[in-house]
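Next comes model12.csv, a file with CSV, C-alpha atoms.
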chain,number,residue,atom,x,y,z
Y,1263,ASP,CA,54.3,-38.0,26.7
Y,1264,ILE,CA,53.7,-41.7,26.2
Y,1265,GLY,CA,56.4,-42.2,23.5
Y,1266,LEU,CA,56.4,-44.7,20.7
Y,1267,ASP,CA,54.0,-47.7,21.0
Y,1268,LYS,CA,51.5,-49.6,19.0
Y,1269,ILE,CA,48.6,-47.6,17.7
Y,1270,THR,CA,46.3,-50.3,19.1
Y,1271,HIS,CA,47.5,-49.3,22.6
Y,1272,ALA,CA,46.2,-45.7,22.3
Y,1273,TYR,CA,42.8,-46.6,23.7
Y,1274,ALA,CA,44.4,-47.9,26.9
Y,1275,TYR,CA,46.5,-44.8,27.3
Y,1276,GLY,CA,43.8,-42.2,26.7
Y,1277,GLY,CA,40.5,-43.6,25.6
Y,1278,PRO,CA,38.7,-42.7,22.4
Y,1279,SER,CA,40.1,-39.2,22.2
Y,1280,GLN,CA,43.7,-40.6,22.2
Y,1281,VAL,CA,42.8,-43.0,19.5
Y,1282,LEU,CA,41.5,-40.2,17.3
Y,1283,TYR,CA,44.6,-38.1,18.0
Y,1284,VAL,CA,47.0,-40.9,17.2
Y,1285,LEU,CA,45.2,-42.0,14.0
Y,1286,ASN,CA,44.9,-38.4,12.8
Y,1287,LYS,CA,48.5,-37.4,13.6
Y,1288,ASN,CA,50.2,-40.5,12.3
Y,1289,LEU,CA,48.1,-41.2,9.2
Y,1290,ASP,CA,47.4,-37.6,8.2
Y,1291,LEU,CA,43.6,-38.0,8.7
Y,1292,ASN,CA,40.9,-35.9,10.0
Y,1293,ILE,CA,38.6,-38.4,11.8
Y,1294,LYS,CA,36.1,-36.6,14.1
Y,1295,GLU,CA,33.7,-39.4,15.1
Y,1296,VAL,CA,34.3,-42.5,17.1
Y,1297,VAL,CA,32.3,-45.5,18.2
Y,1298,VAL,CA,33.5,-47.8,20.9
Y,1299,VAL,CA,31.9,-51.2,21.2
Y,1300,ASN,CA,32.6,-54.0,23.7
Y,1301,TRP,CA,32.1,-57.8,23.3
Y,1302,LYS,CA,28.7,-57.6,25.1
Y,1303,SER,CA,27.4,-55.2,22.6
Y,1304,VAL,CA,28.7,-57.4,19.8
Y,1305,ALA,CA,27.0,-60.4,21.3
Y,1306,ASP,CA,23.8,-58.5,21.9
Y,1307,THR,CA,23.8,-57.3,18.3
Y,1308,VAL,CA,24.3,-60.8,17.0
Y,1309,ASP,CA,21.5,-62.1,19.2
Y,1310,ALA,CA,19.2,-59.3,18.2
Y,1311,LEU,CA,19.7,-60.1,14.6
Y,1312,GLY,CA,18.8,-63.7,15.3
Y,1313,GLY,CA,22.3,-65.0,15.1
Y,1314,LEU,CA,24.9,-65.2,12.3
Y,1315,ASP,CA,26.1,-68.2,10.3
Y,1316,ILE,CA,29.9,-68.2,10.5
Y,1317,GLU,CA,31.6,-71.3,9.4
Y,1318,ILE,CA,34.3,-72.4,11.8
Y,1319,GLN,CA,37.4,-74.3,10.5
Y,1320,GLU,CA,38.8,-77.3,12.2
Y,1321,SER,CA,42.1,-75.4,12.8
Y,1322,GLU,CA,40.2,-72.7,14.8
Y,1323,ILE,CA,38.4,-75.0,17.3
Y,1324,ASP,CA,41.2,-75.2,20.0
Y,1325,GLU,CA,41.8,-71.5,20.0
Y,1326,MET,CA,38.0,-70.8,20.2
Y,1327,ASN,CA,37.7,-73.1,23.2
Y,1328,LYS,CA,40.4,-71.0,25.0
Y,1329,TYR,CA,38.1,-68.0,24.7
Y,1330,ILE,CA,34.6,-69.6,25.4
Y,1331,GLU,CA,34.9,-69.6,29.2
Y,1332,ASP,CA,36.1,-65.9,29.2
Y,1333,THR,CA,33.3,-64.9,26.8
Y,1334,TYR,CA,30.8,-66.7,29.1
Y,1335,ASN,CA,32.2,-65.0,32.2
Y,1336,THR,CA,32.2,-61.6,30.5
Y,1337,ILE,CA,28.9,-61.5,28.6
Y,1338,GLY,CA,27.0,-64.7,29.3
Y,1339,GLY,CA,25.7,-67.1,26.8
Y,1340,SER,CA,26.9,-70.7,26.4
Y,1341,ASN,CA,30.2,-71.9,27.8
Y,1342,GLU,CA,29.9,-75.3,26.0
Y,1343,LYS,CA,33.2,-76.3,24.3
Y,1344,ILE,CA,33.2,-76.7,20.6
Y,1345,SER,CA,34.0,-80.2,19.4
Y,1346,SER,CA,33.6,-80.0,15.7
Y,1347,PRO,CA,33.5,-77.4,12.9
Y,1348,GLY,CA,30.2,-75.5,12.6
Y,1349,MET,CA,28.6,-72.1,13.0
Y,1350,GLN,CA,29.6,-69.6,15.7
Y,1351,ALA,CA,30.1,-65.8,15.8
Y,1352,VAL,CA,31.3,-63.8,18.8
Y,1353,THR,CA,34.0,-66.2,20.2
Y,1354,TYR,CA,35.1,-66.6,16.6
Y,1355,ALA,CA,35.7,-62.9,16.3
Y,1356,ARG,CA,37.8,-62.9,19.5
Y,1357,ILE,CA,40.3,-65.6,18.6
Y,1358,ARG,CA,43.8,-64.3,17.7
Y,1359,LYS,CA,45.2,-67.2,15.8
Y,1360,ASP,CA,44.5,-70.8,14.7
Y,1361,ALA,CA,46.6,-74.0,14.2
Y,1362,ALA,CA,46.7,-73.6,10.5
Y,1363,THR,CA,47.5,-70.0,9.9
Y,1364,GLY,CA,48.6,-68.5,13.2
Y,1365,ASP,CA,47.7,-64.8,13.5
Y,1366,PHE,CA,47.3,-64.4,9.7
Y,1367,ARG,CA,43.5,-64.6,9.6
Y,1368,ARG,CA,42.8,-62.6,12.7
Y,1369,ASN,CA,41.7,-59.4,10.9
Y,1370,GLU,CA,39.9,-61.5,8.3
Y,1371,ARG,CA,37.8,-63.2,11.0
Y,1372,MET,CA,36.8,-59.8,12.4
Y,1373,LYS,CA,35.8,-58.7,8.9
Y,1374,ILE,CA,33.8,-61.9,8.3
Y,1375,VAL,CA,31.7,-61.2,11.4
Y,1376,VAL,CA,31.2,-57.5,10.7
Y,1377,LYS,CA,30.3,-58.3,7.0
Y,1378,ALA,CA,27.8,-61.1,8.1
Y,1379,THR,CA,26.3,-58.7,10.6
Y,1380,PHE,CA,25.7,-56.0,7.9
Y,1381,GLU,CA,24.5,-58.5,5.4
Y,1382,LYS,CA,21.9,-59.9,7.8
Y,1383,ALA,CA,20.9,-56.4,9.0
Y,1384,LYS,CA,20.4,-55.3,5.4
Y,1385,THR,CA,17.6,-58.0,5.0
Y,1386,MET,CA,15.6,-56.7,7.9
Y,1387,LYS,CA,12.8,-54.2,8.0
Y,1388,ILE,CA,13.5,-50.7,9.2
Y,1389,ARG,CA,11.2,-51.1,12.1
Y,1390,SER,CA,13.2,-54.1,13.4
Y,1391,LEU,CA,16.5,-52.2,12.9
Y,1392,LYS,CA,15.2,-49.2,14.9
Y,1393,LYS,CA,14.2,-51.6,17.7
Y,1394,ILE,CA,17.6,-53.3,17.7
Y,1395,SER,CA,19.3,-49.9,17.6
Y,1396,LYS,CA,17.4,-48.7,20.6
Y,1397,GLU,CA,18.5,-51.8,22.5
Y,1398,ILE,CA,22.2,-51.7,21.4
Y,1399,LEU,CA,23.0,-48.0,21.3
Y,1400,PRO,CA,23.0,-47.6,25.1
Y,1401,GLU,CA,25.8,-50.2,25.3
Y,1402,ILE,CA,28.2,-48.3,23.0
Y,1403,LYS,CA,30.2,-45.1,23.5
Y,1404,THR,CA,30.3,-42.5,20.8
Y,1405,ASN,CA,30.7,-38.8,20.2
Y,1406,MET,CA,28.1,-39.0,17.4
Y,1407,SER,CA,24.6,-37.7,18.0
Y,1408,SER,CA,21.7,-40.2,18.2
Y,1409,ALA,CA,20.2,-38.6,15.1
Y,1410,ASP,CA,23.5,-39.2,13.1
Y,1411,MET,CA,23.7,-42.8,14.4
Y,1412,MET,CA,20.0,-43.5,13.5
Y,1413,GLY,CA,20.6,-41.9,10.1
Y,1414,MET,CA,23.4,-44.4,9.5
Y,1415,VAL,CA,21.2,-47.3,10.5
Y,1416,LEU,CA,18.5,-46.1,8.0
Y,1417,LYS,CA,21.1,-46.0,5.2
Y,1418,LEU,CA,22.4,-49.4,6.0
Y,1419,THR,CA,21.2,-51.0,2.8
Y,1420,SER,CA,23.4,-48.6,0.8
Y,1421,TYR,CA,26.6,-49.7,2.6
Y,1422,GLU,CA,28.9,-52.3,0.9
Y,1423,MET,CA,31.9,-53.9,2.4
Y,1424,THR,CA,34.7,-54.5,-0.1
Y,1425,ASP,CA,37.8,-56.7,-0.1
Y,1426,SER,CA,39.8,-53.5,0.5
Y,1427,VAL,CA,40.4,-52.1,4.0
Y,1428,GLY,CA,37.5,-49.7,3.7
Y,1429,TRP,CA,33.8,-49.4,2.9
For this file, produce the structure as structure tokens.
Amino acid sequence: DIGLDKITHAYAYGGPSQVLYVLNKNLDLNIKEVVVVNWKSVADTVDALGGLDIEIQESEIDEMNKYIEDTYNTIGGSNEKISSPGMQAVTYARIRKDAATGDFRRNERMKIVVKATFEKAKTMKIRSLKKISKEILPEIKTNMSSADMMGMVLKLTSYEMTDSVGW
């Protein structure tokens, strides 16, 4: 028995099955499917989409520069430091805090990147999305079938992210 700990630690203790167990038990849910992505798959998805326009605030630059070298060492790309506000994506999603708001915007930044990814993907042709999916799907772990995953990709235009915590 692991005992009490943060739900976010469940993956480290037992992988995807432990995450499903903890969420279902503690939140009275019945989640059956899981998708695990890493930062490389996020970066490859952003690259395959042709990049994302994410506006970086002045207060986020120092924190982003802390993660750029690690992002470069882990997944490649550029390790050039950011000197002024502008457009970025993957490192932006990784930062935990910024000088103006601390940890407050952490989840919001993740949602901004996910929403920008979906909005960009929704503008693409199905043929392009299928090609991207075939490149990215081998990089992720899931208990979903390939047919179910592809079915979700084909219904992408019907998905809408809201300001709530859900879809």
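The closest residue to Leu1399 of chain Y, picked from Y:Lys1384, Y:Asn1327, Y:Met1411, Y:Arg1371 and counting all atoms listed in the file, is Y:Met1411.
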What is the atom CA of Lys1373 of chain Y to atom CA of Glu1401 of chain Y distance in Å?
21.0 Å
Spatial sel., origin (28.8, -61.2, 22.4), limit 12 Å, only C-alpha atoms, listed as a PyMOL selection string:
chain Y and resi 1299-1310+1313-1314+1329-1330+1332-1340+1350-1356+1375+1398+1401
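The nearest approach to Ile1344 of chain Y among the residues Y:Glu1331, Y:Asp1324, Y:Asp1410, Y:Asp1315, with all atoms listed in the file taken into account, belongs to Y:Asp1324.
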Distance criterion (only C-alpha atoms): nearest to Ile1318 of chain Y out of Y:Ser1345, Y:Met1423, Y:Gly1277, Y:Lys1377
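Under the stated criterion, the closest residue is Y:Ser1345.
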Suppose you want the space between atom CA of Thr1419 of chain Y and atom CA of Glu1381 of chain Y; what is it in Å?
8.6 Å
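In this structure, atom CA of Glu1397 of chain Y sits 12.3 Å away from atom CA of Met1412 of chain Y.
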Here is a test: counting only C-alpha atoms, which residue of Y:Met1326, Y:Val1415, Y:Ile1402, Y:Leu1391 is nearest to Val1296 of chain Y?
Y:Ile1402
Starting from the incomplete input, reconstruct all heavy atoms of segment 1285-1296 of chain Y and write that as a PDB file, in the frame of the given file.
ATOM      1  N   LEU Y1285      45.544 -41.647  15.385  1.00  0.00           N
ATOM      2  CA  LEU Y1285      45.200 -42.000  14.000  1.00  0.00           C
ATOM      3  C   LEU Y1285      45.380 -40.720  13.105  1.00  0.00           C
ATOM      4  O   LEU Y1285      45.985 -40.772  12.030  1.00  0.00           O
ATOM      5  CB  LEU Y1285      43.842 -42.549  13.854  1.00  0.00           C
ATOM      6  CG  LEU Y1285      43.664 -43.959  14.404  1.00  0.00           C
ATOM      7  CD1 LEU Y1285      42.194 -44.353  14.365  1.00  0.00           C
ATOM      8  CD2 LEU Y1285      44.509 -44.960  13.651  1.00  0.00           C
ATOM      9  N   ASN Y1286      44.820 -39.613  13.549  1.00  0.00           N
ATOM     10  CA  ASN Y1286      44.900 -38.400  12.800  1.00  0.00           C
ATOM     11  C   ASN Y1286      46.306 -37.887  12.583  1.00  0.00           C
ATOM     12  O   ASN Y1286      46.712 -37.496  11.493  1.00  0.00           O
ATOM     13  CB  ASN Y1286      44.001 -37.294  13.385  1.00  0.00           C
ATOM     14  CG  ASN Y1286      42.527 -37.581  13.195  1.00  0.00           C
ATOM     15  OD1 ASN Y1286      42.129 -38.266  12.257  1.00  0.00           O
ATOM     16  ND2 ASN Y1286      41.709 -37.058  14.088  1.00  0.00           N
ATOM     17  N   LYS Y1287      47.084 -37.913  13.649  1.00  0.00           N
ATOM     18  CA  LYS Y1287      48.500 -37.400  13.600  1.00  0.00           C
ATOM     19  C   LYS Y1287      49.359 -38.291  12.739  1.00  0.00           C
ATOM     20  O   LYS Y1287      50.090 -37.808  11.893  1.00  0.00           O
ATOM     21  CB  LYS Y1287      49.030 -37.304  15.012  1.00  0.00           C
ATOM     22  CG  LYS Y1287      50.468 -36.781  15.060  1.00  0.00           C
ATOM     23  CD  LYS Y1287      50.914 -36.581  16.483  1.00  0.00           C
ATOM     24  CE  LYS Y1287      52.356 -36.237  16.633  1.00  0.00           C
ATOM     25  NZ  LYS Y1287      52.846 -35.088  15.946  1.00  0.00           N
ATOM     26  N   ASN Y1288      49.284 -39.582  12.948  1.00  0.00           N
ATOM     27  CA  ASN Y1288      50.200 -40.500  12.300  1.00  0.00           C
ATOM     28  C   ASN Y1288      49.815 -40.875  10.861  1.00  0.00           C
ATOM     29  O   ASN Y1288      50.668 -41.275  10.076  1.00  0.00           O
ATOM     30  CB  ASN Y1288      50.401 -41.763  13.120  1.00  0.00           C
ATOM     31  CG  ASN Y1288      51.169 -41.467  14.384  1.00  0.00           C
ATOM     32  OD1 ASN Y1288      52.333 -41.110  14.329  1.00  0.00           O
ATOM     33  ND2 ASN Y1288      50.504 -41.587  15.516  1.00  0.00           N
ATOM     34  N   LEU Y1289      48.544 -40.783  10.547  1.00  0.00           N
ATOM     35  CA  LEU Y1289      48.100 -41.200   9.200  1.00  0.00           C
ATOM     36  C   LEU Y1289      47.577 -39.989   8.405  1.00  0.00           C
ATOM     37  O   LEU Y1289      46.967 -40.171   7.351  1.00  0.00           O
ATOM     38  CB  LEU Y1289      47.023 -42.262   9.318  1.00  0.00           C
ATOM     39  CG  LEU Y1289      47.468 -43.541  10.029  1.00  0.00           C
ATOM     40  CD1 LEU Y1289      46.304 -44.503  10.191  1.00  0.00           C
ATOM     41  CD2 LEU Y1289      48.622 -44.198   9.289  1.00  0.00           C
ATOM     42  N   ASP Y1290      47.798 -38.786   8.922  1.00  0.00           N
ATOM     43  CA  ASP Y1290      47.400 -37.600   8.200  1.00  0.00           C
ATOM     44  C   ASP Y1290      45.896 -37.622   7.861  1.00  0.00           C
ATOM     45  O   ASP Y1290      45.518 -37.399   6.717  1.00  0.00           O
ATOM     46  CB  ASP Y1290      48.253 -37.294   7.020  1.00  0.00           C
ATOM     47  CG  ASP Y1290      48.089 -35.866   6.509  1.00  0.00           C
ATOM     48  OD1 ASP Y1290      47.781 -34.971   7.329  1.00  0.00           O
ATOM     49  OD2 ASP Y1290      48.254 -35.648   5.300  1.00  0.00           O
ATOM     50  N   LEU Y1291      45.078 -37.942   8.853  1.00  0.00           N
ATOM     51  CA  LEU Y1291      43.600 -38.000   8.700  1.00  0.00           C
ATOM     52  C   LEU Y1291      42.943 -36.905   9.426  1.00  0.00           C
ATOM     53  O   LEU Y1291      43.579 -36.149  10.157  1.00  0.00           O
ATOM     54  CB  LEU Y1291      43.123 -39.393   9.157  1.00  0.00           C
ATOM     55  CG  LEU Y1291      43.690 -40.621   8.448  1.00  0.00           C
ATOM     56  CD1 LEU Y1291      43.269 -41.887   9.161  1.00  0.00           C
ATOM     57  CD2 LEU Y1291      43.237 -40.654   6.999  1.00  0.00           C
ATOM     58  N   ASN Y1292      41.647 -36.828   9.281  1.00  0.00           N
ATOM     59  CA  ASN Y1292      40.900 -35.900  10.000  1.00  0.00           C
ATOM     60  C   ASN Y1292      39.583 -36.523  10.538  1.00  0.00           C
ATOM     61  O   ASN Y1292      38.472 -36.058  10.283  1.00  0.00           O
ATOM     62  CB  ASN Y1292      40.536 -34.642   9.143  1.00  0.00           C
ATOM     63  CG  ASN Y1292      39.919 -33.519   9.940  1.00  0.00           C
ATOM     64  OD1 ASN Y1292      40.112 -33.422  11.155  1.00  0.00           O
ATOM     65  ND2 ASN Y1292      39.155 -32.670   9.280  1.00  0.00           N
ATOM     66  N   ILE Y1293      39.746 -37.627  11.246  1.00  0.00           N
ATOM     67  CA  ILE Y1293      38.600 -38.400  11.800  1.00  0.00           C
ATOM     68  C   ILE Y1293      38.057 -37.565  12.975  1.00  0.00           C
ATOM     69  O   ILE Y1293      38.808 -37.128  13.844  1.00  0.00           O
ATOM     70  CB  ILE Y1293      39.039 -39.766  12.269  1.00  0.00           C
ATOM     71  CG1 ILE Y1293      39.654 -40.558  11.125  1.00  0.00           C
ATOM     72  CG2 ILE Y1293      37.847 -40.517  12.880  1.00  0.00           C
ATOM     73  CD1 ILE Y1293      40.343 -41.840  11.560  1.00  0.00           C
ATOM     74  N   LYS Y1294      36.746 -37.403  13.010  1.00  0.00           N
ATOM     75  CA  LYS Y1294      36.100 -36.600  14.100  1.00  0.00           C
ATOM     76  C   LYS Y1294      35.168 -37.441  14.936  1.00  0.00           C
ATOM     77  O   LYS Y1294      34.836 -37.043  16.038  1.00  0.00           O
ATOM     78  CB  LYS Y1294      35.375 -35.428  13.480  1.00  0.00           C
ATOM     79  CG  LYS Y1294      36.313 -34.450  12.806  1.00  0.00           C
ATOM     80  CD  LYS Y1294      35.567 -33.291  12.215  1.00  0.00           C
ATOM     81  CE  LYS Y1294      36.593 -32.349  11.591  1.00  0.00           C
ATOM     82  NZ  LYS Y1294      36.082 -31.550  10.535  1.00  0.00           N
ATOM     83  N   GLU Y1295      34.715 -38.560  14.396  1.00  0.00           N
ATOM     84  CA  GLU Y1295      33.700 -39.400  15.100  1.00  0.00           C
ATOM     85  C   GLU Y1295      34.302 -40.712  15.477  1.00  0.00           C
ATOM     86  O   GLU Y1295      35.120 -41.266  14.749  1.00  0.00           O
ATOM     87  CB  GLU Y1295      32.472 -39.536  14.252  1.00  0.00           C
ATOM     88  CG  GLU Y1295      31.822 -38.213  13.922  1.00  0.00           C
ATOM     89  CD  GLU Y1295      30.788 -38.314  12.830  1.00  0.00           C
ATOM     90  OE1 GLU Y1295      30.944 -39.169  11.928  1.00  0.00           O
ATOM     91  OE2 GLU Y1295      29.836 -37.539  12.885  1.00  0.00           O
ATOM     92  N   VAL Y1296      33.851 -41.229  16.607  1.00  0.00           N
ATOM     93  CA  VAL Y1296      34.300 -42.500  17.100  1.00  0.00           C
ATOM     94  C   VAL Y1296      33.183 -43.283  17.712  1.00  0.00           C
ATOM     95  O   VAL Y1296      32.267 -42.691  18.282  1.00  0.00           O
ATOM     96  CB  VAL Y1296      35.498 -42.315  18.110  1.00  0.00           C
ATOM     97  CG1 VAL Y1296      35.028 -41.609  19.359  1.00  0.00           C
ATOM     98  CG2 VAL Y1296      36.158 -43.630  18.458  1.00  0.00           C
TER      99      VAL Y1296
END
